[in-house]
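Trainee: Structure supplied as upload-v8.cif; contents: mmCIF, C-alpha atoms.
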data_upload
#
loop_
_atom_site.group_PDB
_atom_site.id
_atom_site.type_symbol
_atom_site.label_atom_id
_atom_site.label_comp_id
_atom_site.auth_asym_id
_atom_site.auth_seq_id
_atom_site.Cartn_x
_atom_site.Cartn_y
_atom_site.Cartn_z
ATOM 1 C CA MET F 1 -17.312 0.769 8.493
ATOM 2 C CA SER F 2 -16.651 -0.495 5.013
ATOM 3 C CA VAL F 3 -13.148 -0.483 3.598
ATOM 4 C CA THR F 4 -13.978 2.266 1.109
ATOM 5 C CA ASN F 5 -15.294 4.518 3.876
ATOM 6 C CA ASP F 6 -12.186 3.740 5.939
ATOM 7 C CA ILE F 7 -9.955 4.645 2.991
ATOM 8 C CA VAL F 8 -11.621 8.042 2.628
ATOM 9 C CA ALA F 9 -11.484 8.615 6.400
ATOM 10 C CA ALA F 10 -7.799 7.627 6.538
ATOM 11 C CA TYR F 11 -6.814 10.656 4.479
ATOM 12 C CA ARG F 12 -8.363 12.962 7.082
ATOM 13 C CA ARG F 13 -7.653 11.160 10.365
ATOM 14 C CA PRO F 14 -5.425 8.105 9.865
ATOM 15 C CA GLY F 15 -4.979 7.521 13.580
ATOM 16 C CA LYS F 16 -8.709 7.318 14.197
ATOM 17 C CA VAL F 17 -9.147 4.687 11.481
ATOM 18 C CA MET F 18 -6.203 2.684 12.816
ATOM 19 C CA ALA F 19 -7.652 2.850 16.341
ATOM 20 C CA ARG F 20 -10.930 1.495 14.984
ATOM 21 C CA HIS F 21 -9.092 -1.412 13.336
ATOM 22 C CA ILE F 22 -7.248 -2.180 16.570
ATOM 23 C CA GLN F 23 -10.391 -1.953 18.708
ATOM 24 C CA SER F 24 -12.333 -4.209 16.358
ATOM 25 C CA GLY F 25 -10.023 -7.051 17.297
ATOM 26 C CA ALA F 26 -8.580 -7.372 13.828
ATOM 27 C CA GLY F 27 -6.421 -10.457 13.448
ATOM 28 C CA GLU F 28 -3.665 -11.587 11.155
ATOM 29 C CA ASP F 29 -6.300 -12.581 8.609
ATOM 30 C CA ARG F 30 -7.358 -8.952 8.144
ATOM 31 C CA ALA F 31 -3.753 -7.780 7.815
ATOM 32 C CA LEU F 32 -3.129 -10.460 5.191
ATOM 33 C CA ILE F 33 -6.264 -9.457 3.303
ATOM 34 C CA PHE F 34 -5.146 -5.809 3.322
ATOM 35 C CA ILE F 35 -1.731 -6.568 1.840
ATOM 36 C CA MET F 36 -2.984 -9.140 -0.666
ATOM 37 C CA ALA F 37 -5.784 -6.847 -1.879
ATOM 38 C CA SER F 38 -3.305 -3.989 -2.132
ATOM 39 C CA CYS F 39 -0.939 -6.076 -4.218
ATOM 40 C CA VAL F 40 -3.800 -7.130 -6.518
ATOM 41 C CA VAL F 41 -4.715 -3.456 -6.989
ATOM 42 C CA VAL F 42 -1.086 -2.568 -7.746
ATOM 43 C CA PHE F 43 -0.984 -5.353 -10.317
ATOM 44 C CA ILE F 44 -4.184 -4.019 -11.890
ATOM 45 C CA SER F 45 -2.768 -0.490 -11.869
ATOM 46 C CA ASN F 46 0.224 -1.751 -13.865
ATOM 47 C CA LEU F 47 -1.968 -3.032 -16.707
ATOM 48 C CA PRO F 48 -2.187 0.309 -18.582
ATOM 49 C CA VAL F 49 1.584 0.756 -18.303
ATOM 50 C CA ILE F 50 2.206 -2.795 -19.501
ATOM 51 C CA SER F 51 -0.184 -2.280 -22.408
ATOM 52 C CA ARG F 52 1.539 0.959 -23.379
ATOM 53 C CA THR F 53 4.977 -0.641 -23.172
ATOM 54 C CA SER F 54 3.820 -3.620 -25.222
ATOM 55 C CA TYR F 55 2.375 -1.373 -27.926
ATOM 56 C CA LEU F 56 5.244 1.126 -28.137
ATOM 57 C CA GLU F 57 8.045 -1.422 -28.023
ATOM 58 C CA GLN F 58 6.231 -4.038 -30.131
ATOM 59 C CA VAL F 59 6.767 -6.825 -27.592
ATOM 60 C CA ASP F 60 4.407 -9.583 -26.507
ATOM 61 C CA MET F 61 2.268 -8.580 -23.556
ATOM 62 C CA GLY F 62 2.165 -12.089 -22.038
ATOM 63 C CA PRO F 63 5.634 -12.189 -20.467
ATOM 64 C CA LEU F 64 5.207 -8.657 -19.129
ATOM 65 C CA LEU F 65 1.922 -9.618 -17.471
ATOM 66 C CA GLY F 66 3.428 -12.805 -16.100
ATOM 67 C CA ALA F 67 6.401 -11.033 -14.582
ATOM 68 C CA SER F 68 4.262 -8.308 -13.073
ATOM 69 C CA GLY F 69 1.773 -10.840 -11.700
ATOM 70 C CA LEU F 70 4.512 -12.958 -10.154
ATOM 71 C CA ALA F 71 6.168 -9.915 -8.627
ATOM 72 C CA TRP F 72 3.052 -8.307 -7.178
ATOM 73 C CA LEU F 73 0.964 -11.334 -6.244
ATOM 74 C CA PHE F 74 3.629 -13.621 -4.806
ATOM 75 C CA VAL F 75 6.865 -11.769 -4.055
ATOM 76 C CA ALA F 76 5.612 -8.351 -2.900
ATOM 77 C CA PRO F 77 3.543 -9.653 0.056
ATOM 78 C CA LEU F 78 6.638 -11.405 1.389
ATOM 79 C CA ILE F 79 8.678 -8.250 0.965
ATOM 80 C CA PHE F 80 6.031 -6.263 2.857
ATOM 81 C CA TYR F 81 6.298 -8.710 5.755
ATOM 82 C CA ILE F 82 10.057 -8.116 5.778
ATOM 83 C CA LEU F 83 9.494 -4.334 5.637
ATOM 84 C CA ALA F 84 7.084 -4.612 8.564
ATOM 85 C CA PHE F 85 9.751 -6.459 10.550
ATOM 86 C CA VAL F 86 12.372 -3.804 9.747
ATOM 87 C CA LEU F 87 9.892 -1.063 10.669
ATOM 88 C CA GLY F 88 9.210 -2.887 13.937
ATOM 89 C CA VAL F 89 12.906 -3.039 14.754
ATOM 90 C CA LEU F 90 13.276 0.690 14.042
ATOM 91 C CA LEU F 91 10.274 1.472 16.223
ATOM 92 C CA ARG F 92 11.723 -0.632 19.046
ATOM 93 C CA ILE F 93 14.897 1.455 18.828
ATOM 94 C CA LEU F 94 12.706 4.577 19.077
ATOM 95 C CA GLN F 95 11.038 3.163 22.233
ATOM 96 C CA CYS F 96 7.672 2.398 20.638
ATOM 97 C CA LYS F 97 5.999 -0.503 22.424
ATOM 98 C CA ALA F 98 3.575 -1.390 19.625
ATOM 99 C CA SER F 99 3.063 -5.097 19.053
ATOM 100 C CA TRP F 100 4.531 -6.671 15.962
ATOM 101 C CA PHE F 101 1.028 -7.337 14.710
ATOM 102 C CA HIS F 102 -0.063 -3.707 15.091
ATOM 103 C CA ILE F 103 3.018 -2.586 13.160
ATOM 104 C CA ARG F 104 2.162 -5.019 10.354
ATOM 105 C CA LEU F 105 -1.461 -3.900 10.422
ATOM 106 C CA ALA F 106 -0.416 -0.241 10.212
ATOM 107 C CA LEU F 107 1.886 -0.838 7.233
ATOM 108 C CA PHE F 108 -0.527 -3.096 5.387
ATOM 109 C CA TRP F 109 -3.486 -0.792 6.066
ATOM 110 C CA THR F 110 -1.456 2.161 4.790
ATOM 111 C CA MET F 111 -0.798 0.320 1.568
ATOM 112 C CA MET F 112 -4.502 -0.491 1.246
ATOM 113 C CA ALA F 113 -5.539 3.092 2.007
ATOM 114 C CA THR F 114 -3.292 4.518 -0.703
ATOM 115 C CA THR F 115 -4.533 2.218 -3.484
ATOM 116 C CA PRO F 116 -6.695 4.927 -5.124
ATOM 117 C CA LEU F 117 -3.567 6.980 -5.752
ATOM 118 C CA ILE F 118 -1.751 3.873 -6.990
ATOM 119 C CA LEU F 119 -4.545 3.321 -9.516
ATOM 120 C CA LEU F 120 -4.326 6.956 -10.605
ATOM 121 C CA ASN F 121 -0.568 6.617 -11.016
ATOM 122 C CA GLY F 122 -1.079 3.574 -13.240
ATOM 123 C CA LEU F 123 -3.620 5.411 -15.373
ATOM 124 C CA VAL F 124 -1.338 8.404 -15.790
ATOM 125 C CA GLY F 125 1.579 6.109 -16.652
ATOM 126 C CA GLY F 126 -0.501 4.231 -19.207
ATOM 127 C CA MET F 127 -2.264 7.184 -20.817
ATOM 128 C CA ILE F 128 0.351 9.941 -20.661
ATOM 129 C CA GLY F 129 3.528 7.997 -20.010
ATOM 130 C CA PRO F 130 6.519 8.909 -17.900
ATOM 131 C CA GLY F 131 6.884 12.601 -17.218
ATOM 132 C CA PRO F 132 6.123 15.375 -14.786
ATOM 133 C CA GLN F 133 2.457 14.388 -14.488
ATOM 134 C CA GLN F 134 3.341 10.895 -13.306
ATOM 135 C CA ASN F 135 5.982 12.343 -10.980
ATOM 136 C CA ILE F 136 3.377 14.612 -9.389
ATOM 137 C CA VAL F 137 0.945 11.747 -8.867
ATOM 138 C CA GLY F 138 3.777 9.610 -7.467
ATOM 139 C CA ALA F 139 4.768 12.385 -5.070
ATOM 140 C CA CYS F 140 1.138 12.716 -3.935
ATOM 141 C CA TRP F 141 1.022 8.956 -3.326
ATOM 142 C CA PHE F 142 4.256 9.078 -1.339
ATOM 143 C CA ALA F 143 3.041 11.999 0.779
ATOM 144 C CA ALA F 144 -0.278 10.246 1.467
ATOM 145 C CA PHE F 145 1.571 7.019 2.287
ATOM 146 C CA LEU F 146 3.778 8.768 4.839
ATOM 147 C CA TRP F 147 0.831 10.709 6.322
ATOM 148 C CA ILE F 148 -1.278 7.593 6.852
ATOM 149 C CA LEU F 149 1.657 5.438 7.982
ATOM 150 C CA PHE F 150 2.850 7.937 10.604
ATOM 151 C CA GLY F 151 -0.687 8.478 11.892
ATOM 152 C CA SER F 152 -1.291 4.729 12.072
ATOM 153 C CA ILE F 153 2.051 4.022 13.751
ATOM 154 C CA LYS F 154 1.468 6.792 16.286
ATOM 155 C CA THR F 155 -1.859 5.219 17.214
ATOM 156 C CA ALA F 156 -0.351 1.731 17.331
ATOM 157 C CA CYS F 157 2.385 2.930 19.682
ATOM 158 C CA LYS F 158 -0.226 4.401 22.029
ATOM 159 C CA ALA F 159 -2.485 1.334 21.897
ATOM 160 C CA ASP F 160 0.000 -1.067 23.482
#
Turn this file's structure into structure tokens for me.

Mentor:
Amino acid sequence: MSVTNDIVAAYRRPGKVMARHIQSGAGEDRALIFIMASCVVVFISNLPVISRTSYLEQVDMGPLLGASGLAWLFVAPLIFYILAFVLGVLLRILQCKASWFHIRLALFWTMMATTPLILLNGLVGGMIGPGPQQNIVGACWFAAFLWILFGSIKTACKAD
């Protein structure tokens, strides 16, 4: 299946999509692509917010773009690898026998699957600004993130 079809399917049955990724023999290259593509999308989703901030505060947009690009394209993937390690340690404590790779794949896939809501959050932040609307979209993203992550982790724990 294509990534876009998998994203839509992940909101209904996240475990089934994760099982398909595991059975396809996905390697570290696919996990890396998921997290890098997710970070690129998050960077893109920040553009309306950066533009709004630049306009309202009368500051140059260049340094804001540079800082956001550095953070999301170089630092964030490393932080996600650290988060995957911490998640793996917690799952080991909870007696989950999932491989380290499957834990990374589950976390990185979850981030990729929730990118449509991240884009929506960026649009709301750029067009409306901070407020209850952005909080609602952020809460929806967080709920979807947890739903897909728990479903993916549950499948990963069963797979190994």

Trainee: Around the point (-0.7, 9.7, 17.3) (coordinates from the file), which residues reach within 12 Å if we count only C-alpha atoms? Answer as a list in words.

Mentor: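 All residues meeting the 12 Å criterion around (-0.7, 9.7, 17.3) are Arg13, Pro14, Gly15, Lys16, Val17, Met18, Ala19, Cys96, Trp147, Ile148, Leu149, Phe150, Gly151, Ser152, Ile153, Lys154, Thr155, Ala156, Cys157, Lys158 and Ala159 of chain F.
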
Trainee: Give the answer as one residue: which of F:Phe74, F:Phe43, F:Trp109, F:Phe101 has the shortest atom-to-atom distance to Glu28 of chain F, using only C-alpha atoms?

Mentor: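 Using only C-alpha atoms, Glu28 of chain F sits closest to F:Phe101.
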
Trainee: Expressed in Å to a single decimal, how great is the separation between atom CA of Met112 of chain F and atom CA of Phe34 of chain F?

Mentor: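 These atoms are spaced 5.7 Å apart.
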
Trainee: Restricting the calculation to all atoms listed in the file, which member of F:Asn5, F:Ile50, F:Gln23, F:Val124 is positioned closest to Gly66 of chain F?

Mentor: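 Among the listed residues, F:Ile50 lies closest to Gly66 of chain F.
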
Trainee: Given only C-alpha atoms as the basis, pick out the residue of F:Ala113, F:Val49, F:Val75, F:Ala84 nearest to Ala37 of chain F.

Mentor: F:Ala113

Trainee: From the list F:Ala71, F:Thr115, F:Ser2, F:Phe108, which residue is nearest Leu87 of chain F when using all atoms listed in the file?

Mentor: F:Phe108

Trainee: Using Å and a single decimal, report how far atom CA of Phe80 of chain F sits from atom CA of Arg52 of chain F.

Mentor: 27.6 Å

Trainee: Could you give me, as a compact mmCIF listing (two decimals) with C-alpha atoms, in the frame of the given file, the residues within 8 Å of Cys39 of chain F, counting all atoms listed in the file and dropping anything in the same chain fewer than 6 positions from it?

Mentor:
# COMPACT_ATOMS: atom_id res chain seq x y z
CA TRP F 72 3.05 -8.31 -7.18
CA LEU F 73 0.96 -11.33 -6.24
CA ALA F 76 5.61 -8.35 -2.90
CA PRO F 77 3.54 -9.65 0.06

Trainee: Would you give the centre and edge lengths, in Å to one decimal, of a box along x, y and z around the listed atoms of segment 9-19 of chain F, with 6 Å added to each side, as lines of an AutoDock Vina configuration file?

Mentor:
center_x = -8.2
center_y = 7.8
center_z = 10.4
size_x = 18.5
size_y = 22.3
size_z = 23.9

Trainee: Any idea what's packed within 12 Å of Leu120 of chain F, counting only C-alpha atoms, ignoring anything in its chain fewer than 4 positions away? Could you give it as a PyMOL selection string?

Mentor: chain F and resi 41-42+44-49+114-116+124-128+133-141

Trainee: Can you tell me how far atom CA of Gln95 of chain F sits from atom CA of Arg12 of chain F, in Å to one decimal?

Mentor: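 Atom CA of Arg12 of chain F lies 26.5 Å from atom CA of Gln95 of chain F.
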
Trainee: Kindly indicate which residue among F:Leu90, F:Leu65, F:Ala106, F:Leu117 lies nearest to Ala31 of chain F, using all atoms listed in the file for the distances.

Mentor: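 Once distances to Ala31 of chain F are computed over all atoms listed in the file, the minimum belongs to F:Ala106.
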
Trainee: Which one of F:Val40, F:Leu105, F:Val89, F:Lys97 sits closest to Arg20 of chain F if you count only C-alpha atoms?

Mentor: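 Ranked by minimum distance to Arg20 of chain F, first place goes to F:Leu105.
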